[in-house]
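I have placed the structure first, in the form of structure tokens, so that the comments after it can refer back to it.
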Amino acid sequence: MNASLGLAILACLIFAGWVVRAYRAIVREEKWLPKVLSGAKLVYSEQLFSGPAEMPIVARVDRVYQRDGLLHLVELKTRRSTTVYETDVIELSAQRVAVQASTGIDVGLGAFVVIEHPVTGRRHVRAVALLTEDQVALLMERRRAIIAGLLRPLETDIPGRCANCEYRSECKGEFGAKVFPLVKIPANGAAKLRSGTVRGRTDDHLH
Amino acid sequence: MGYCEKKMLLSQRLGKRVSSDRTEARREGVAIHRTFHRDAIAVAPNVRSSEVKPWCFIASELFGQTAWETSALRMWRDRVLRQHAIGRAFIGAYYRHSPGIARWLRRHRRARALARVLLRPLAAVLKWCLDRHVSPRGVGR
């Protein structure tokens with residue numbers, strides 16, 4: 001009898017613990033959720049989307065909320081600083097193009113980056129303005145041109161990035177490594193560069 | 001792009017390189033994303049996702065996703081619980097609370113062992129019942 005009473009009490013305690021933990025999870029969610037999204041419906045989590053045929057993008061979106069018929073993107077980042085980088089904006093902008101193409105529903109040009117500290121677990125939310133579809137297309141065009149050797153790639157202006165870069169020796173010619181040739185301009189590429197059809201259009205929007 | 005165009009080009013030409021610091025940071029990031037995804041399921045059980053939904057959170061945590069115990073509990077959910085309104089309500093409540101429980105179990109070794117001892121006979125009984133009483137037509141419903 002005592003044993004069964006003990007088991008029942010244990011079960012009740014475990015159940016109470018579960019309820020408290022579940023409640024905490026919900027509170028934790030409410031804590032970081034920006035006011036704009038409170039009351040919005042969470043429609044996607046860790047979902048893959050593909051871009052339109054002319055823009056080969058595959059994007060995995062952390063979360064998508066829907067409010068008043070408009071979709072809003074949320075991206076989670078783990079870092080010690082609460083800074084939002086240009087890469088975050090580009091990533092979210094590409095996601096926006098893919099989500100819009102896959103669902104046919106408009107995605108807001110404003111999105112949110114949730115930055116979680118890896119040690120404390122504290123979350124900060126930053127609102128960001130995304131690039132338009134045309135700007136993403138231009139960025140892709142610029143990327144293709146750089147890879148093809150038609151454009152000289154720009155170097156980061158943040159010194160800390162160079163210090164920890166895995167390609168530093170080839171980039172800077174350090175430790176006896178030969179500096180890697182970055183541009184190989186074919187005959188038609190040189191003509192394009194001179195006329196500014198590649199560089200001019202992309203640079204106007206992106207730099 | 002956006003980070004460093006030179007790095008983007010060099011990684012294209014020389015192959016992707018990842019430092020040990022980056023690998024560690026990525027591992028942390030994956031774990032935090034998993035928690036973020038589980039929280040999403042806890043607050044919105046009907047959320048759509050391309051991830052394999054770890055619906056049997058507790059059994060997956062205790063026995064692994066492909067273990068027979070997890071399969072038995074999953075079958076019981078699909079073939080028995082899902083057929084009734086009360087069962088569906090239970091599934092909803094379970095989806096809401098179980099990610100937190102699974103997380104707690106992951107941190108508590110003894111509790112995990114105790115839960116395994118308690119759940120294994122239950123899974124065995126359910127498997128036996130399902131094998132005996134549920135027709136094959138119920139599969140996949």
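The chains in the structure tokens are called A, B, ... from first to last as shown; in each chain the residues are counted from 1, and the ligands are counted from 1 in the order shown.
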Counting only C-alpha atoms, chain B residues within 7 Å of chain A, as JSON, numbers by chain: {"B": [1, 2, 3, 4, 5, 6, 7, 9, 10, 17, 18, 19, 29, 37, 39, 40, 43, 44, 47, 48, 49, 50, 51, 97, 100, 101]}
In region 5-172 of chain A, DSSP helix (DSSP H, G or I) residues written as a PyMOL selection string: chain A and resi 5-32+35-37+86-103+133-147+159-163+168-172
Next, write the just-selected residues to a file, as a PDB file, in the first residue's frame, keeping C-alpha atoms as the atom set.
ATOM      1  CA  LEU A   5       1.181   5.529  -2.576  1.00  0.00           C
ATOM      2  CA  GLY A   6       4.852   6.391  -2.991  1.00  0.00           C
ATOM      3  CA  LEU A   7       4.690   5.546  -6.701  1.00  0.00           C
ATOM      4  CA  ALA A   8       1.557   7.674  -7.113  1.00  0.00           C
ATOM      5  CA  ILE A   9       3.248  10.635  -5.399  1.00  0.00           C
ATOM      6  CA  LEU A  10       6.339  10.144  -7.572  1.00  0.00           C
ATOM      7  CA  ALA A  11       4.187  10.055 -10.702  1.00  0.00           C
ATOM      8  CA  CYS A  12       2.400  13.240  -9.593  1.00  0.00           C
ATOM      9  CA  LEU A  13       5.727  14.975  -8.958  1.00  0.00           C
ATOM     10  CA  ILE A  14       7.078  13.923 -12.348  1.00  0.00           C
ATOM     11  CA  PHE A  15       3.882  15.100 -14.037  1.00  0.00           C
ATOM     12  CA  ALA A  16       4.069  18.443 -12.196  1.00  0.00           C
ATOM     13  CA  GLY A  17       7.701  18.771 -13.311  1.00  0.00           C
ATOM     14  CA  TRP A  18       6.679  18.086 -16.919  1.00  0.00           C
ATOM     15  CA  VAL A  19       3.939  20.704 -16.776  1.00  0.00           C
ATOM     16  CA  VAL A  20       6.327  23.297 -15.303  1.00  0.00           C
ATOM     17  CA  ARG A  21       8.921  22.571 -17.989  1.00  0.00           C
ATOM     18  CA  ALA A  22       6.385  22.762 -20.802  1.00  0.00           C
ATOM     19  CA  TYR A  23       5.111  26.033 -19.371  1.00  0.00           C
ATOM     20  CA  ARG A  24       8.675  27.353 -19.261  1.00  0.00           C
ATOM     21  CA  ALA A  25       9.170  26.399 -22.926  1.00  0.00           C
ATOM     22  CA  ILE A  26       6.106  28.433 -23.868  1.00  0.00           C
ATOM     23  CA  VAL A  27       7.230  31.367 -21.713  1.00  0.00           C
ATOM     24  CA  ARG A  28      10.702  31.176 -23.283  1.00  0.00           C
ATOM     25  CA  GLU A  29       9.115  31.414 -26.714  1.00  0.00           C
ATOM     26  CA  GLU A  30       6.985  34.378 -25.709  1.00  0.00           C
ATOM     27  CA  LYS A  31       9.990  36.146 -24.231  1.00  0.00           C
ATOM     28  CA  TRP A  32      11.928  36.606 -27.460  1.00  0.00           C
ATOM     29  CA  LYS A  35       5.576  42.330 -30.704  1.00  0.00           C
ATOM     30  CA  VAL A  36       4.929  42.358 -34.445  1.00  0.00           C
ATOM     31  CA  LEU A  37       4.753  38.566 -34.406  1.00  0.00           C
ATOM     32  CA  GLU A  86      25.488  41.546 -44.183  1.00  0.00           C
ATOM     33  CA  THR A  87      25.568  37.775 -44.694  1.00  0.00           C
ATOM     34  CA  ASP A  88      22.475  37.425 -42.492  1.00  0.00           C
ATOM     35  CA  VAL A  89      20.596  39.906 -44.660  1.00  0.00           C
ATOM     36  CA  ILE A  90      21.697  38.165 -47.868  1.00  0.00           C
ATOM     37  CA  GLU A  91      20.734  34.752 -46.477  1.00  0.00           C
ATOM     38  CA  LEU A  92      17.287  35.957 -45.421  1.00  0.00           C
ATOM     39  CA  SER A  93      16.790  37.749 -48.735  1.00  0.00           C
ATOM     40  CA  ALA A  94      17.534  34.542 -50.643  1.00  0.00           C
ATOM     41  CA  GLN A  95      15.139  32.692 -48.321  1.00  0.00           C
ATOM     42  CA  ARG A  96      12.475  35.305 -49.045  1.00  0.00           C
ATOM     43  CA  VAL A  97      12.786  34.710 -52.802  1.00  0.00           C
ATOM     44  CA  ALA A  98      12.553  30.930 -52.317  1.00  0.00           C
ATOM     45  CA  VAL A  99       9.594  31.055 -49.890  1.00  0.00           C
ATOM     46  CA  GLN A 100       7.692  33.460 -52.130  1.00  0.00           C
ATOM     47  CA  ALA A 101       8.288  31.265 -55.185  1.00  0.00           C
ATOM     48  CA  SER A 102       7.336  28.028 -53.403  1.00  0.00           C
ATOM     49  CA  THR A 103       4.233  29.209 -51.549  1.00  0.00           C
ATOM     50  CA  GLU A 133      14.176  40.153 -55.616  1.00  0.00           C
ATOM     51  CA  ASP A 134      16.036  42.251 -58.224  1.00  0.00           C
ATOM     52  CA  GLN A 135      18.868  42.933 -55.798  1.00  0.00           C
ATOM     53  CA  VAL A 136      19.182  39.211 -55.027  1.00  0.00           C
ATOM     54  CA  ALA A 137      19.295  38.494 -58.778  1.00  0.00           C
ATOM     55  CA  LEU A 138      22.070  41.066 -59.215  1.00  0.00           C
ATOM     56  CA  LEU A 139      23.983  39.573 -56.333  1.00  0.00           C
ATOM     57  CA  MET A 140      23.754  36.138 -57.947  1.00  0.00           C
ATOM     58  CA  GLU A 141      24.926  37.622 -61.221  1.00  0.00           C
ATOM     59  CA  ARG A 142      27.897  39.192 -59.472  1.00  0.00           C
ATOM     60  CA  ARG A 143      28.725  35.879 -57.792  1.00  0.00           C
ATOM     61  CA  ARG A 144      28.633  34.052 -61.127  1.00  0.00           C
ATOM     62  CA  ALA A 145      30.897  36.716 -62.676  1.00  0.00           C
ATOM     63  CA  ILE A 146      33.427  36.442 -59.836  1.00  0.00           C
ATOM     64  CA  ILE A 147      33.519  32.657 -60.070  1.00  0.00           C
ATOM     65  CA  PRO A 159      40.295  42.736 -40.146  1.00  0.00           C
ATOM     66  CA  GLY A 160      39.271  39.990 -37.687  1.00  0.00           C
ATOM     67  CA  ARG A 161      37.897  37.908 -40.524  1.00  0.00           C
ATOM     68  CA  CYS A 162      41.259  37.803 -42.319  1.00  0.00           C
ATOM     69  CA  ALA A 163      43.074  36.738 -39.155  1.00  0.00           C
ATOM     70  CA  ARG A 168      44.763  33.360 -45.614  1.00  0.00           C
ATOM     71  CA  SER A 169      48.006  31.871 -46.945  1.00  0.00           C
ATOM     72  CA  GLU A 170      46.753  31.657 -50.554  1.00  0.00           C
ATOM     73  CA  CYS A 171      45.001  35.030 -50.300  1.00  0.00           C
ATOM     74  CA  LYS A 172      47.923  36.970 -48.843  1.00  0.00           C
TER      75      LYS A 172
END
Residues flagged strand (DSSP E or B) by DSSP in region 50-188 of chain A, as an NGL selection string: :A and (50 or 58-67 or 70-78 or 107 or 110-116 or 123-129)
Can you write out the residues you just picked, keeping N, CA and C atoms, as a short mmCIF file (atom, residue, chain, number, x, y, z; two decimals), in the first residue's frame?
data_model
loop_
_atom_site.label_atom_id
_atom_site.label_comp_id
_atom_site.auth_asym_id
_atom_site.auth_seq_id
_atom_site.Cartn_x
_atom_site.Cartn_y
_atom_site.Cartn_z
N SER A 50 12.44 26.06 -52.52
CA SER A 50 13.24 26.25 -53.73
C SER A 50 12.83 27.54 -54.41
N VAL A 58 18.13 27.13 -53.11
CA VAL A 58 17.48 26.20 -52.18
C VAL A 58 17.77 26.74 -50.79
N ALA A 59 16.72 27.02 -50.04
CA ALA A 59 16.91 27.65 -48.74
C ALA A 59 16.18 26.88 -47.65
N ARG A 60 16.87 26.67 -46.55
CA ARG A 60 16.22 26.07 -45.37
C ARG A 60 15.91 27.21 -44.41
N VAL A 61 14.64 27.37 -44.14
CA VAL A 61 14.19 28.50 -43.32
C VAL A 61 13.97 28.02 -41.88
N ASP A 62 14.49 28.80 -40.93
CA ASP A 62 14.34 28.39 -39.53
C ASP A 62 12.88 28.46 -39.09
N ARG A 63 12.26 29.61 -39.30
CA ARG A 63 10.84 29.74 -38.97
C ARG A 63 10.16 30.73 -39.90
N VAL A 64 8.88 30.46 -40.16
CA VAL A 64 8.07 31.40 -40.93
C VAL A 64 6.76 31.61 -40.17
N TYR A 65 6.45 32.86 -39.91
CA TYR A 65 5.19 33.22 -39.25
C TYR A 65 4.27 33.87 -40.27
N GLN A 66 2.97 33.71 -40.05
CA GLN A 66 2.00 34.35 -40.95
C GLN A 66 1.10 35.28 -40.16
N ARG A 67 0.96 36.48 -40.66
CA ARG A 67 0.06 37.43 -40.01
C ARG A 67 -0.55 38.33 -41.08
N LEU A 70 0.43 37.88 -44.71
CA LEU A 70 1.83 38.09 -45.10
C LEU A 70 2.73 37.16 -44.29
N LEU A 71 3.74 36.62 -44.96
CA LEU A 71 4.68 35.74 -44.25
C LEU A 71 5.87 36.56 -43.73
N HIS A 72 6.38 36.17 -42.58
CA HIS A 72 7.53 36.84 -41.98
C HIS A 72 8.60 35.80 -41.65
N LEU A 73 9.84 36.09 -42.02
CA LEU A 73 10.93 35.14 -41.80
C LEU A 73 11.65 35.41 -40.48
N VAL A 74 12.06 34.33 -39.84
CA VAL A 74 12.86 34.43 -38.61
C VAL A 74 14.06 33.50 -38.76
N GLU A 75 15.25 34.05 -38.54
CA GLU A 75 16.48 33.26 -38.67
C GLU A 75 17.19 33.22 -37.32
N LEU A 76 17.58 32.04 -36.91
CA LEU A 76 18.29 31.90 -35.62
C LEU A 76 19.79 31.87 -35.88
N LYS A 77 20.54 32.64 -35.09
CA LYS A 77 22.00 32.64 -35.19
C LYS A 77 22.58 32.42 -33.80
N THR A 78 23.67 31.67 -33.75
CA THR A 78 24.36 31.45 -32.48
C THR A 78 25.65 32.23 -32.51
N VAL A 107 6.00 37.60 -48.99
CA VAL A 107 6.84 37.55 -47.79
C VAL A 107 7.31 38.98 -47.50
N GLY A 110 10.62 42.97 -44.27
CA GLY A 110 11.25 43.05 -42.95
C GLY A 110 11.30 41.64 -42.35
N ALA A 111 12.43 41.28 -41.78
CA ALA A 111 12.56 39.95 -41.17
C ALA A 111 13.25 40.10 -39.82
N PHE A 112 13.40 38.98 -39.11
CA PHE A 112 14.00 39.04 -37.78
C PHE A 112 15.15 38.05 -37.66
N VAL A 113 16.21 38.52 -37.03
CA VAL A 113 17.34 37.64 -36.73
C VAL A 113 17.35 37.45 -35.21
N VAL A 114 17.21 36.21 -34.77
CA VAL A 114 17.25 35.91 -33.34
C VAL A 114 18.68 35.45 -33.04
N ILE A 115 19.36 36.17 -32.17
CA ILE A 115 20.75 35.83 -31.87
C ILE A 115 20.81 35.23 -30.47
N GLU A 116 21.20 33.95 -30.42
CA GLU A 116 21.28 33.26 -29.13
C GLU A 116 22.74 33.13 -28.70
N ARG A 123 18.54 35.30 -25.67
CA ARG A 123 18.19 35.62 -27.06
C ARG A 123 17.93 37.11 -27.26
N HIS A 124 18.49 37.63 -28.35
CA HIS A 124 18.23 39.02 -28.74
C HIS A 124 17.60 38.98 -30.12
N VAL A 125 16.65 39.85 -30.35
CA VAL A 125 16.01 39.89 -31.66
C VAL A 125 16.36 41.19 -32.36
N ARG A 126 16.76 41.08 -33.62
CA ARG A 126 17.08 42.26 -34.42
C ARG A 126 16.22 42.24 -35.68
N ALA A 127 15.58 43.35 -35.94
CA ALA A 127 14.80 43.46 -37.18
C ALA A 127 15.72 43.90 -38.31
N VAL A 128 15.57 43.31 -39.46
CA VAL A 128 16.42 43.68 -40.60
C VAL A 128 15.55 43.95 -41.84
N ALA A 129 16.04 44.83 -42.70
CA ALA A 129 15.37 45.10 -43.98
C ALA A 129 16.04 44.24 -45.05
#
